Amino acid sequence: MRIHIGRIATASFYLCTVLLFAASCSTPKKTNATAETKAVEIEFNADSAYAFCAAQCQFGPRVMNSEAHEQCGAWIGRQFEQYGYSVSKQQATLTGYDGTPLRATNLIARHADSIPQAGRRILVCAHWDSRPWADNDPDEANWHQPVMAANDGASGVAVMLELARLIQQHDSLNVAVDFLCFDAEDWGTPQWSDIQDDGNTWALGAQHWATHYDPQRDGRYDYAILLDMVGGQGAHFYREGFSVQYAAAIVDRIWRAAQTAGYGSLFPNQTGGYITDDHVPLNQTAQIPTVDIINHYPDCQQSSFGPTWHTVSDDMQHIDRNTLRAVGQTLVQLLFTE
């Protein structure tokens, strides 16, 4: 994903100072739940989500057109099927910023009770591909190295897999929850390229899915939630601009759920700017109100997406179970009170 407009600072190539890095990576503490709403008793298992994240990284960087990419995609599909979901593949050859043909696969995991036109349905999304180039790394020698993408990719899928596991165990949901893993999100124009980035080189899988989405054929979603970089150390989740523009009521509900779940301190009631991400085509093309839950580090000089964004340091050593738990429990609170 890339910065679009707003108050998020432009990514630079300067390493965060030790003080800023330490501040961003401190362990978050839970806050008290609000008195108005009772917290659900179902607990999101952060250890399980962490293991799902690590399992994806064991394939190596899931770069487009690579064997690791294909193997990991098959593994993700099997996990959703293990939890009772029917998985379909939307395959297409998409075109990268430089004309490279990209063999892309969007994975759609549909709940057994989620059939077109039947009941209320919610879509939870994340991208599963890895950035091919660590073009924001402080060391120029790494700019053409692939990114492991533990946070920027694997963390969102990990949270979704753990949610799918919980949904299988509990039959108290009043809505059907589907999951969608977008491909080719992170093939956007690298910072070292001479090709001008117009913003359309990002979120290619989501653009393709949104263009082909037919609510009468595929069923209509009440709303969607995009998870992007939801496992980083010291992460906070500000209200993203496009999310507020297109799905303000859903943003309010998610942030209230975070407060009720005890993680209001990680979901500050502040805006963080507009981000070009997978939720944009869902909002603008598919016309599904979609909220992007994405980390924001307002004090990090290297990038407002955090010190590991698009660097070789985006690995499991920088994944925090507390962050995974905060996001996962917020979604449990939201989904199981629908």
# chains A, B, ... in the order shown; residues from 1 in each chain; ligands from 1
call {"tool": "residues_around", "arguments": {"residues": "segment 159-173 of chain A", "least_positions_apart": "4", "cutoff": "8 Å", "atoms": "only C-alpha atoms", "output": "ChimeraX atom specification"}}
result
/A:44-45,48-49,52,79-80,83-84,124-125,155,179,324,327-328,332,335-338
call {"tool": "residues_around", "arguments": {"residues": "Phe305 of chain A", "least_positions_apart": "4", "cutoff": "6 Å", "atoms": "only C-alpha atoms", "output": "list in words"}}
result
His296, Tyr297 and Trp309 of chain A
call {"tool": "select_by_dssp", "arguments": {"residues": "segment 147-335 of chain A", "states": "strand (DSSP E)", "output": "ChimeraX atom specification"}}
result
/A:176-182,223-228,274-276,290-294
call {"tool": "atom_distance", "arguments": {"atom1": "atom CA of Cys53 of chain A", "atom2": "atom CA of Arg78 of chain A"}}
result
15.0 Å
call {"tool": "residues_around", "arguments": {"residues": "Gly77 of chain A", "least_positions_apart": "2", "cutoff": "9 Å", "atoms": "only C-alpha atoms", "output": "ChimeraX atom specification"}}
result
/A:72-75,79-82,86-89,107-109
call {"tool": "closest_residue", "arguments": {"among": "A:Val230, A:Ala104, A:Ala92, A:Val177", "to": "His212 of chain A", "atoms": "only C-alpha atoms"}}
result
A:Ala92
call {"tool": "closest_residue", "arguments": {"among": "A:Ala134, A:Ala149, A:Val251, A:Ile76", "to": "Asn106 of chain A", "atoms": "only C-alpha atoms"}}
result
A:Ile76
call {"tool": "closest_residue", "arguments": {"among": "A:Arg217, A:Asp98, A:Glu70, A:Arg110", "to": "Thr189 of chain A", "atoms": "only C-alpha atoms"}}
result
A:Asp98
call {"tool": "closest_residue", "arguments": {"among": "A:Pro281, A:Pro101, A:Pro132, A:Pro146", "to": "Val312 of chain A", "atoms": "only C-alpha atoms"}}
result
A:Pro146
call {"tool": "select_by_dssp", "arguments": {"residues": "segment 32-274 of chain A", "states": "helix (DSSP H, G or I)", "output": "ChimeraX atom specification"}}
result
/A:46-57,67-82,140-142,150-169,204-212,215-218,241-261,264-266
call {"tool": "closest_residue", "arguments": {"among": "A:Leu123, A:Ala206, A:Val244, A:Leu331", "to": "Gln270 of chain A", "atoms": "only C-alpha atoms"}}
result
A:Val244
call {"tool": "closest_residue", "arguments": {"among": "A:Ala55, A:Val40, A:Cys300, A:Val63", "to": "Gln145 of chain A", "atoms": "only C-alpha atoms"}}
result
A:Val63
